[in-house]
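Worksheet: one structure, shown below.
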Amino acid sequence: LSHIEESEVKYNSTVKNVMDNLNAIQQNKFQEKKGRVVHDDELVDATEIVVPIPGQAGLSSNMFPDELIQEFERRTIRVKPEHRGVFYTIEANGNSMPPAIQPRDWLRCEEISKLFWMNDGFFKEKNIYCIWHNTKGILFKRIVYINGEMFCRSDNEDKTRYQDFPLELDRVSKILIVRKLVDRSF
């Protein structure tokens with residue numbers, strides 16, 4: 001075998017080096033992504049449904065079935081390929097989420113499949129979610145974990161009026177993640 005030249009590529013397969021490389025990859029994965037200009041030809045079509053019921057109002061008294069959603073106005077929008085899905089544009093109502101969300105803001109929200117709801121740590125406190133609750137209506141809240149349980153949290157500092165409350169998933173028909181402020185009325 002002395003006639004075979006040694007390869008220029010050398011692999012160091014020690015466990016420490018492998019773990020160091022995996023940790024470096026993991027760190028890069030979670031670092032803040034740098035923005036770049038997204039061109040129109042990189043975008044894909046998605047469906048946007050305009051919900052005529054403001055968040056935090058009306059839904060509890062008439063929880064509408066999926067058939068009624070089919071009657072809502074639909075538009076075609078252009079989104080990044082990783083956000084391909086069904087979007088709902090909903091007007092915010094109430095003062096539980098200032099300064100992030102103001103009353104009369106229109107927000108574009110992307111539906112999250114129920115398959116992900118039970119994954120530990122799936123919901124991130126930095127994100128705002130639109131929760132379609134069967135008795136409380138459409139809510140804009142953060143979802144936080146306290147002692148292994150999920151709670152809805154408002155940004156409003158008045159915690160006597162805007163208290164955290166448990167998120168009972170069996171009382172929720174949809175959870176959407178807020179993706180974009182579409183319009184802010186002043």
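We name chains A, B, ... following the order of the structure tokens; residues begin at 1 in each chain, and ligands are numbered from 1 as shown.
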
Need the shell around Arg153 (chain A): protein/DNA/RNA residues with any atom at most 8 Å away, counting only C-alpha atoms. Skip same-chain ones fewer than 2 positions apart. Format as a CSV table (one decimal) with all heavy atoms, in the first residue's frame?
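And here is the file that came out, part-v6.csv:
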```
chain,number,residue,atom,x,y,z
A,141,LYS,N,-52.1,37.5,21.9
A,141,LYS,CA,-51.4,37.2,23.2
A,141,LYS,C,-50.0,36.6,22.9
A,141,LYS,O,-49.8,36.1,21.8
A,141,LYS,CB,-52.1,36.3,24.1
A,141,LYS,CG,-53.5,36.7,24.5
A,141,LYS,CD,-53.5,37.9,25.5
A,141,LYS,CE,-54.9,38.3,25.8
A,141,LYS,NZ,-55.0,39.6,26.4
A,142,ARG,N,-49.1,36.7,23.9
A,142,ARG,CA,-47.9,35.9,23.9
A,142,ARG,C,-48.2,34.6,24.6
A,142,ARG,O,-49.1,34.5,25.4
A,142,ARG,CB,-46.8,36.6,24.6
A,142,ARG,CG,-46.4,37.9,23.9
A,142,ARG,CD,-45.2,38.5,24.5
A,142,ARG,NE,-45.0,39.9,24.0
A,142,ARG,CZ,-44.5,40.2,22.8
A,142,ARG,NH1,-44.0,39.3,22.0
A,142,ARG,NH2,-44.4,41.5,22.4
A,143,ILE,N,-47.6,33.5,24.2
A,143,ILE,CA,-47.7,32.2,24.9
A,143,ILE,C,-46.5,32.0,25.6
A,143,ILE,O,-45.4,31.9,25.0
A,143,ILE,CB,-48.1,31.1,23.9
A,143,ILE,CG1,-49.4,31.4,23.2
A,143,ILE,CG2,-48.1,29.8,24.6
A,143,ILE,CD1,-49.8,30.4,22.1
A,144,VAL,N,-46.6,31.7,26.9
A,144,VAL,CA,-45.4,31.5,27.8
A,144,VAL,C,-45.6,30.2,28.5
A,144,VAL,O,-46.7,29.7,28.7
A,144,VAL,CB,-45.2,32.7,28.8
A,144,VAL,CG1,-45.0,34.0,28.1
A,144,VAL,CG2,-46.4,32.8,29.7
A,151,PHE,N,-49.5,29.4,29.2
A,151,PHE,CA,-50.3,30.6,29.6
A,151,PHE,C,-50.3,31.6,28.5
A,151,PHE,O,-49.4,31.7,27.7
A,151,PHE,CB,-49.8,31.2,30.9
A,151,PHE,CG,-50.0,30.4,32.1
A,151,PHE,CD1,-49.2,29.3,32.5
A,151,PHE,CD2,-51.1,30.7,33.0
A,151,PHE,CE1,-49.4,28.6,33.6
A,151,PHE,CE2,-51.3,29.9,34.1
A,151,PHE,CZ,-50.5,28.9,34.4
A,155,ASP,N,-49.1,42.2,27.0
A,155,ASP,CA,-47.9,43.1,27.2
A,155,ASP,C,-48.3,44.2,28.1
A,155,ASP,O,-47.4,44.9,28.6
A,155,ASP,CB,-47.5,43.6,25.8
A,155,ASP,CG,-46.7,42.6,25.0
A,155,ASP,OD1,-46.4,41.5,25.5
A,155,ASP,OD2,-46.3,43.0,23.8
A,162,TYR,N,-55.1,42.8,33.2
A,162,TYR,CA,-54.6,41.9,32.1
A,162,TYR,C,-53.8,40.8,32.6
A,162,TYR,O,-52.6,40.8,32.4
A,162,TYR,CB,-53.9,42.7,31.0
A,162,TYR,CG,-54.7,43.8,30.4
A,162,TYR,CD1,-54.6,45.2,30.8
A,162,TYR,CD2,-55.6,43.6,29.4
A,162,TYR,CE1,-55.4,46.2,30.3
A,162,TYR,CE2,-56.4,44.6,28.8
A,162,TYR,CZ,-56.3,45.9,29.3
A,162,TYR,OH,-57.0,46.9,28.7
A,163,GLN,N,-54.4,39.9,33.4
A,163,GLN,CA,-53.7,38.8,34.0
A,163,GLN,C,-53.4,37.7,33.0
A,163,GLN,O,-54.1,37.5,32.1
A,163,GLN,CB,-54.5,38.2,35.2
A,163,GLN,CG,-54.9,39.2,36.2
A,163,GLN,CD,-55.8,38.6,37.3
A,163,GLN,OE1,-56.1,37.5,37.3
A,163,GLN,NE2,-56.2,39.5,38.2
A,164,ASP,N,-52.3,36.9,33.4
A,164,ASP,CA,-52.0,35.7,32.6
A,164,ASP,C,-53.1,34.7,32.9
A,164,ASP,O,-53.7,34.7,34.0
A,164,ASP,CB,-50.7,35.1,33.1
A,164,ASP,CG,-49.5,36.0,32.8
A,164,ASP,OD1,-49.6,37.0,32.1
A,164,ASP,OD2,-48.4,35.6,33.2
A,165,PHE,N,-53.5,33.9,31.9
A,165,PHE,CA,-54.4,32.8,32.2
A,165,PHE,C,-54.0,31.6,31.4
A,165,PHE,O,-53.3,31.7,30.4
A,165,PHE,CB,-55.9,33.3,31.8
A,165,PHE,CG,-56.0,33.6,30.3
A,165,PHE,CD1,-56.4,32.7,29.4
A,165,PHE,CD2,-55.8,35.0,29.9
A,165,PHE,CE1,-56.5,33.0,28.0
A,165,PHE,CE2,-56.0,35.3,28.5
A,165,PHE,CZ,-56.3,34.3,27.6
```

> Which residue out of A:Thr89, A:Pro103, A:Ile77, A:Lys124 has the minimum interatomic distance to Pro52 (chain A) when only C-alpha atoms are used?
Replying inline: A:Thr89

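The smallest atom-to-atom distance between Arg179 (chain A) and any of A:Asp120, A:Phe87, A:Ser96, A:Lys114, using only C-alpha atoms, is found for A:Phe87.
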
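Each of A:Ile175, A:Val37, A:Ile90, A:Ile49 was compared to Ile112 (chain A) using only C-alpha atoms, and A:Ile175 turns out to be the nearest.
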
>> When you look at His83 (chain A) with a cut-off of 9 Å (counting only C-alpha atoms), what residues show up, excluding the ones that are within fewer than 6 positions of it in the same chain? I need them as a PyMOL selection string.
In response: chain A and resi 44+46+110

Output C-alpha atoms of each residue in that selection to a file, as a short mmCIF file (atom, residue, chain, number, x, y, z; two decimals), in the first residue's frame.
```cif
data_model
loop_
_atom_site.label_atom_id
_atom_site.label_comp_id
_atom_site.auth_asym_id
_atom_site.auth_seq_id
_atom_site.Cartn_x
_atom_site.Cartn_y
_atom_site.Cartn_z
CA VAL A 44 -44.60 32.66 -3.89
CA ALA A 46 -50.34 32.43 -0.73
CA GLU A 110 -50.12 32.59 9.59
#
```

> Near Pro166 (chain A), within 9 Å and counting only C-alpha atoms, which residues show up once chain neighbours fewer than 5 positions away are dropped, as a ChimeraX atom specification?
Replying inline: /A:149-152

Selection export as a short mmCIF file (atom, residue, chain, number, x, y, z; two decimals), in the first residue's frame, atoms kept: N, CA, C and O atoms:
```cif
data_model
loop_
_atom_site.label_atom_id
_atom_site.label_comp_id
_atom_site.auth_asym_id
_atom_site.auth_seq_id
_atom_site.Cartn_x
_atom_site.Cartn_y
_atom_site.Cartn_z
N GLU A 149 -46.58 24.45 32.06
CA GLU A 149 -47.92 24.71 31.52
C GLU A 149 -47.88 25.94 30.64
O GLU A 149 -47.08 26.85 30.85
N MET A 150 -48.81 26.00 29.67
CA MET A 150 -48.89 27.14 28.75
C MET A 150 -49.88 28.17 29.29
O MET A 150 -50.96 27.83 29.76
N PHE A 151 -49.46 29.44 29.19
CA PHE A 151 -50.30 30.55 29.61
C PHE A 151 -50.32 31.61 28.51
O PHE A 151 -49.37 31.75 27.74
N CYS A 152 -51.42 32.37 28.47
CA CYS A 152 -51.52 33.53 27.60
C CYS A 152 -51.11 34.75 28.41
O CYS A 152 -51.53 34.91 29.55
#
```

> Taking only C-alpha atoms into account, which of A:Arg75, A:Arg161, A:Arg171, A:His133 comes nearest Asn95 (chain A)?
Replying inline: A:Arg161

> Got a sec: who's within 10 Å of region 99-101 of chain A, counting only C-alpha atoms, leaving out chain neighbours fewer than 3 positions off, as an NGL selection string?
Replying inline: :A and (92-96 or 104-107 or 128 or 140-141 or 155-156 or 181 or 184)

Any chance you could export the current selection's C-alpha atoms as a PDB file, in the first residue's frame?
```
ATOM      1  CA  ALA A  92     -56.858  44.197  16.649  1.00  0.00           C
ATOM      2  CA  ASN A  93     -59.221  45.565  19.275  1.00  0.00           C
ATOM      3  CA  GLY A  94     -58.461  46.392  22.910  1.00  0.00           C
ATOM      4  CA  ASN A  95     -55.457  47.496  24.955  1.00  0.00           C
ATOM      5  CA  SER A  96     -53.861  44.279  26.133  1.00  0.00           C
ATOM      6  CA  ARG A 104     -57.246  49.178  15.047  1.00  0.00           C
ATOM      7  CA  ASP A 105     -53.975  47.632  13.803  1.00  0.00           C
ATOM      8  CA  TRP A 106     -54.494  45.146  10.971  1.00  0.00           C
ATOM      9  CA  LEU A 107     -52.232  42.123  11.359  1.00  0.00           C
ATOM     10  CA  ILE A 128     -47.267  37.259  19.366  1.00  0.00           C
ATOM     11  CA  PHE A 140     -53.747  38.513  20.481  1.00  0.00           C
ATOM     12  CA  LYS A 141     -51.361  37.247  23.191  1.00  0.00           C
ATOM     13  CA  ASP A 155     -47.932  43.079  27.159  1.00  0.00           C
ATOM     14  CA  ASN A 156     -49.977  45.642  29.086  1.00  0.00           C
ATOM     15  CA  LEU A 181     -48.386  44.634  10.702  1.00  0.00           C
ATOM     16  CA  ARG A 184     -51.759  50.993  11.529  1.00  0.00           C
TER      17      ARG A 184
END
```

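Candidate residues A:Asp20, A:Glu157, A:Glu42, A:Asp183 were compared for distance to Glu82 (chain A), and the nearest is A:Glu42, using only C-alpha atoms.
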
May I have all residues of region 25-186 of chain A that DSSP, computed from the backbone, assigns to helix (DSSP H, G or I), given as an mmCIF file with N, CA, C and O atoms, in the first residue's frame?
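Below you can see part30.cif, which holds the result:
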```
data_model
loop_
_atom_site.group_PDB
_atom_site.id
_atom_site.type_symbol
_atom_site.label_atom_id
_atom_site.label_comp_id
_atom_site.auth_asym_id
_atom_site.auth_seq_id
_atom_site.Cartn_x
_atom_site.Cartn_y
_atom_site.Cartn_z
ATOM 1 N N ILE A 25 -22.177 24.627 14.786
ATOM 2 C CA ILE A 25 -23.300 24.642 13.845
ATOM 3 C C ILE A 25 -24.566 25.084 14.555
ATOM 4 O O ILE A 25 -25.326 25.901 14.039
ATOM 5 N N GLN A 26 -24.811 24.550 15.736
ATOM 6 C CA GLN A 26 -26.004 24.905 16.503
ATOM 7 C C GLN A 26 -26.004 26.393 16.863
ATOM 8 O O GLN A 26 -27.030 27.050 16.773
ATOM 9 N N GLN A 27 -24.854 26.938 17.244
ATOM 10 C CA GLN A 27 -24.761 28.361 17.578
ATOM 11 C C GLN A 27 -25.069 29.224 16.360
ATOM 12 O O GLN A 27 -25.788 30.208 16.459
ATOM 13 N N ASN A 28 -24.536 28.848 15.212
ATOM 14 C CA ASN A 28 -24.800 29.607 13.981
ATOM 15 C C ASN A 28 -26.264 29.553 13.607
ATOM 16 O O ASN A 28 -26.815 30.513 13.097
ATOM 17 N N LYS A 29 -26.917 28.438 13.870
ATOM 18 C CA LYS A 29 -28.336 28.269 13.528
ATOM 19 C C LYS A 29 -29.201 29.268 14.281
ATOM 20 O O LYS A 29 -30.187 29.763 13.757
ATOM 21 N N PHE A 30 -28.861 29.568 15.523
ATOM 22 C CA PHE A 30 -29.695 30.426 16.351
ATOM 23 C C PHE A 30 -29.219 31.869 16.416
ATOM 24 O O PHE A 30 -29.825 32.681 17.083
ATOM 25 N N ASP A 40 -39.023 40.204 -5.819
ATOM 26 C CA ASP A 40 -40.361 39.685 -6.097
ATOM 27 C C ASP A 40 -40.329 38.296 -6.725
ATOM 28 O O ASP A 40 -41.183 37.464 -6.433
ATOM 29 N N ASP A 41 -39.324 38.016 -7.555
ATOM 30 C CA ASP A 41 -39.277 36.703 -8.208
ATOM 31 C C ASP A 41 -38.930 35.578 -7.229
ATOM 32 O O ASP A 41 -39.058 34.405 -7.560
ATOM 33 N N GLU A 42 -38.528 35.912 -6.008
ATOM 34 C CA GLU A 42 -38.251 34.914 -4.977
ATOM 35 C C GLU A 42 -39.500 34.582 -4.156
ATOM 36 O O GLU A 42 -39.486 33.641 -3.377
ATOM 37 N N LEU A 59 -66.285 36.825 18.688
ATOM 38 C CA LEU A 59 -66.201 35.423 18.318
ATOM 39 C C LEU A 59 -66.842 34.509 19.348
ATOM 40 O O LEU A 59 -67.451 33.506 19.010
ATOM 41 N N SER A 60 -66.757 34.856 20.631
ATOM 42 C CA SER A 60 -67.262 33.962 21.673
ATOM 43 C C SER A 60 -68.762 33.723 21.565
ATOM 44 O O SER A 60 -69.246 32.665 21.910
ATOM 45 N N SER A 61 -69.503 34.715 21.083
ATOM 46 C CA SER A 61 -70.942 34.550 21.006
ATOM 47 C C SER A 61 -71.374 33.805 19.752
ATOM 48 O O SER A 61 -72.493 33.340 19.669
ATOM 49 N N ASP A 66 -65.872 26.230 10.062
ATOM 50 C CA ASP A 66 -64.989 26.393 8.905
ATOM 51 C C ASP A 66 -65.755 26.755 7.640
ATOM 52 O O ASP A 66 -65.231 27.431 6.775
ATOM 53 N N GLU A 67 -67.010 26.305 7.536
ATOM 54 C CA GLU A 67 -67.802 26.633 6.347
ATOM 55 C C GLU A 67 -67.994 28.147 6.226
ATOM 56 O O GLU A 67 -67.989 28.691 5.129
ATOM 57 N N LEU A 68 -68.171 28.833 7.358
ATOM 58 C CA LEU A 68 -68.355 30.279 7.325
ATOM 59 C C LEU A 68 -67.065 30.984 6.897
ATOM 60 O O LEU A 68 -67.106 31.986 6.191
ATOM 61 N N ILE A 69 -65.927 30.443 7.296
ATOM 62 C CA ILE A 69 -64.640 31.017 6.909
ATOM 63 C C ILE A 69 -64.513 31.029 5.386
ATOM 64 O O ILE A 69 -63.934 31.940 4.808
ATOM 65 N N PRO A 81 -40.997 31.834 0.443
ATOM 66 C CA PRO A 81 -41.377 30.422 0.321
ATOM 67 C C PRO A 81 -41.523 29.699 1.667
ATOM 68 O O PRO A 81 -42.387 28.848 1.822
ATOM 69 N N GLU A 82 -40.714 30.070 2.651
ATOM 70 C CA GLU A 82 -40.812 29.397 3.952
ATOM 71 C C GLU A 82 -42.080 29.770 4.709
ATOM 72 O O GLU A 82 -42.429 29.127 5.697
ATOM 73 N N HIS A 83 -42.788 30.803 4.257
ATOM 74 C CA HIS A 83 -44.036 31.216 4.902
ATOM 75 C C HIS A 83 -45.256 30.837 4.076
ATOM 76 O O HIS A 83 -46.340 31.351 4.295
ATOM 77 N N LYS A 114 -52.095 22.152 14.112
ATOM 78 C CA LYS A 114 -52.295 21.572 15.449
ATOM 79 C C LYS A 114 -51.243 20.517 15.775
ATOM 80 O O LYS A 114 -51.021 20.208 16.943
ATOM 81 N N LEU A 115 -50.582 19.984 14.776
ATOM 82 C CA LEU A 115 -49.539 18.987 15.008
ATOM 83 C C LEU A 115 -48.414 19.529 15.877
ATOM 84 O O LEU A 115 -47.748 18.783 16.582
ATOM 85 N N PHE A 116 -48.191 20.851 15.841
ATOM 86 C CA PHE A 116 -47.083 21.458 16.580
ATOM 87 C C PHE A 116 -47.461 21.953 17.970
ATOM 88 O O PHE A 116 -46.587 22.274 18.763
ATOM 89 N N LEU A 169 -55.808 24.105 25.431
ATOM 90 C CA LEU A 169 -55.812 23.850 24.001
ATOM 91 C C LEU A 169 -57.099 23.186 23.512
ATOM 92 O O LEU A 169 -57.470 23.356 22.351
ATOM 93 N N ASP A 170 -57.799 22.475 24.382
ATOM 94 C CA ASP A 170 -59.054 21.850 23.959
ATOM 95 C C ASP A 170 -60.158 22.883 23.741
ATOM 96 O O ASP A 170 -61.215 22.553 23.202
ATOM 97 N N ARG A 171 -59.932 24.122 24.128
ATOM 98 C CA ARG A 171 -60.894 25.208 23.909
ATOM 99 C C ARG A 171 -60.453 26.154 22.786
ATOM 100 O O ARG A 171 -60.993 27.243 22.644
#
```

> Can you list every residue in region 53-131 of chain A that DSSP puts in strand (DSSP E), as a list in words?
Replying inline: Glu73, Arg74, Arg75, Thr76, Ile77, Arg78, Val79, Val86, Phe87, Tyr88, Thr89, Ile90, Glu91, Asp105, Trp106, Leu107, Arg108, Cys109, Glu110, Glu111, Ile112, Tyr129, Cys130 and Ile131 of chain A

Written selection (N, CA, C and O atoms) as a tab-separated table (two decimals), in the first residue's frame:
```tsv
chain	number	residue	atom	x	y	z
A	73	GLU	N	-63.71	37.22	2.60
A	73	GLU	CA	-62.94	37.72	1.46
A	73	GLU	C	-61.57	37.05	1.42
A	73	GLU	O	-60.90	36.90	2.44
A	74	ARG	N	-61.16	36.67	0.21
A	74	ARG	CA	-59.86	36.04	0.00
A	74	ARG	C	-59.05	36.88	-0.99
A	74	ARG	O	-59.60	37.42	-1.94
A	75	ARG	N	-57.76	36.94	-0.74
A	75	ARG	CA	-56.85	37.65	-1.63
A	75	ARG	C	-55.64	36.75	-1.87
A	75	ARG	O	-55.34	35.89	-1.05
A	76	THR	N	-54.94	37.04	-2.95
A	76	THR	CA	-53.66	36.37	-3.19
A	76	THR	C	-52.57	37.35	-2.81
A	76	THR	O	-52.59	38.51	-3.23
A	77	ILE	N	-51.64	36.89	-1.98
A	77	ILE	CA	-50.52	37.72	-1.54
A	77	ILE	C	-49.23	37.02	-1.92
A	77	ILE	O	-49.23	35.82	-2.22
A	78	ARG	N	-48.12	37.73	-1.89
A	78	ARG	CA	-46.81	37.18	-2.20
A	78	ARG	C	-46.00	37.12	-0.91
A	78	ARG	O	-45.90	38.11	-0.19
A	79	VAL	N	-45.45	35.94	-0.61
A	79	VAL	CA	-44.70	35.73	0.64
A	79	VAL	C	-43.42	34.96	0.34
A	79	VAL	O	-43.27	34.36	-0.73
A	86	VAL	N	-51.63	29.36	4.80
A	86	VAL	CA	-52.86	30.15	4.85
A	86	VAL	C	-52.66	31.28	5.84
A	86	VAL	O	-52.22	31.07	6.96
A	87	PHE	N	-53.01	32.50	5.40
A	87	PHE	CA	-52.88	33.68	6.24
A	87	PHE	C	-54.25	34.26	6.51
A	87	PHE	O	-55.16	34.16	5.69
A	88	TYR	N	-54.38	34.87	7.67
A	88	TYR	CA	-55.60	35.58	8.05
A	88	TYR	C	-55.20	37.00	8.41
A	88	TYR	O	-54.24	37.20	9.17
A	89	THR	N	-55.91	37.98	7.88
A	89	THR	CA	-55.66	39.36	8.25
A	89	THR	C	-56.80	39.80	9.15
A	89	THR	O	-57.98	39.68	8.79
A	90	ILE	N	-56.45	40.25	10.36
A	90	ILE	CA	-57.42	40.50	11.41
A	90	ILE	C	-57.13	41.86	12.05
A	90	ILE	O	-55.96	42.19	12.31
A	91	GLU	N	-58.17	42.59	12.35
A	91	GLU	CA	-58.03	43.87	13.03
A	91	GLU	C	-57.95	43.63	14.54
A	91	GLU	O	-58.71	42.85	15.10
A	105	ASP	N	-55.03	48.17	14.67
A	105	ASP	CA	-53.97	47.63	13.80
A	105	ASP	C	-54.54	46.44	13.03
A	105	ASP	O	-55.30	45.64	13.59
A	106	TRP	N	-54.16	46.32	11.77
A	106	TRP	CA	-54.49	45.15	10.97
A	106	TRP	C	-53.24	44.29	10.89
A	106	TRP	O	-52.18	44.78	10.52
A	107	LEU	N	-53.38	43.01	11.26
A	107	LEU	CA	-52.23	42.12	11.36
A	107	LEU	C	-52.42	40.91	10.46
A	107	LEU	O	-53.50	40.31	10.41
A	108	ARG	N	-51.35	40.55	9.76
A	108	ARG	CA	-51.36	39.34	8.94
A	108	ARG	C	-50.79	38.20	9.78
A	108	ARG	O	-49.68	38.30	10.31
A	109	CYS	N	-51.57	37.14	9.91
A	109	CYS	CA	-51.20	36.03	10.78
A	109	CYS	C	-51.20	34.73	9.97
A	109	CYS	O	-52.06	34.52	9.13
A	110	GLU	N	-50.24	33.87	10.28
A	110	GLU	CA	-50.12	32.59	9.59
A	110	GLU	C	-50.58	31.47	10.50
A	110	GLU	O	-50.18	31.39	11.66
A	111	GLU	N	-51.41	30.59	9.97
A	111	GLU	CA	-51.96	29.49	10.77
A	111	GLU	C	-50.87	28.48	11.12
A	111	GLU	O	-50.02	28.15	10.29
A	112	ILE	N	-50.90	27.99	12.37
A	112	ILE	CA	-49.97	26.97	12.85
A	112	ILE	C	-50.74	25.66	12.95
A	112	ILE	O	-51.79	25.59	13.59
A	129	TYR	N	-49.13	35.75	19.20
A	129	TYR	CA	-50.00	34.78	18.56
A	129	TYR	C	-51.44	35.28	18.55
A	129	TYR	O	-51.85	36.04	19.42
A	130	CYS	N	-52.18	34.84	17.56
A	130	CYS	CA	-53.60	35.11	17.46
A	130	CYS	C	-54.30	33.79	17.79
A	130	CYS	O	-54.15	32.80	17.07
A	131	ILE	N	-55.02	33.77	18.89
A	131	ILE	CA	-55.63	32.55	19.41
A	131	ILE	C	-57.13	32.63	19.22
A	131	ILE	O	-57.76	33.59	19.68
```

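Minimum atom-to-atom distance to Asn134 (chain A), evaluated using only C-alpha atoms, belongs to A:Lys174 out of A:Arg36, A:Lys80, A:Lys159, A:Lys174.
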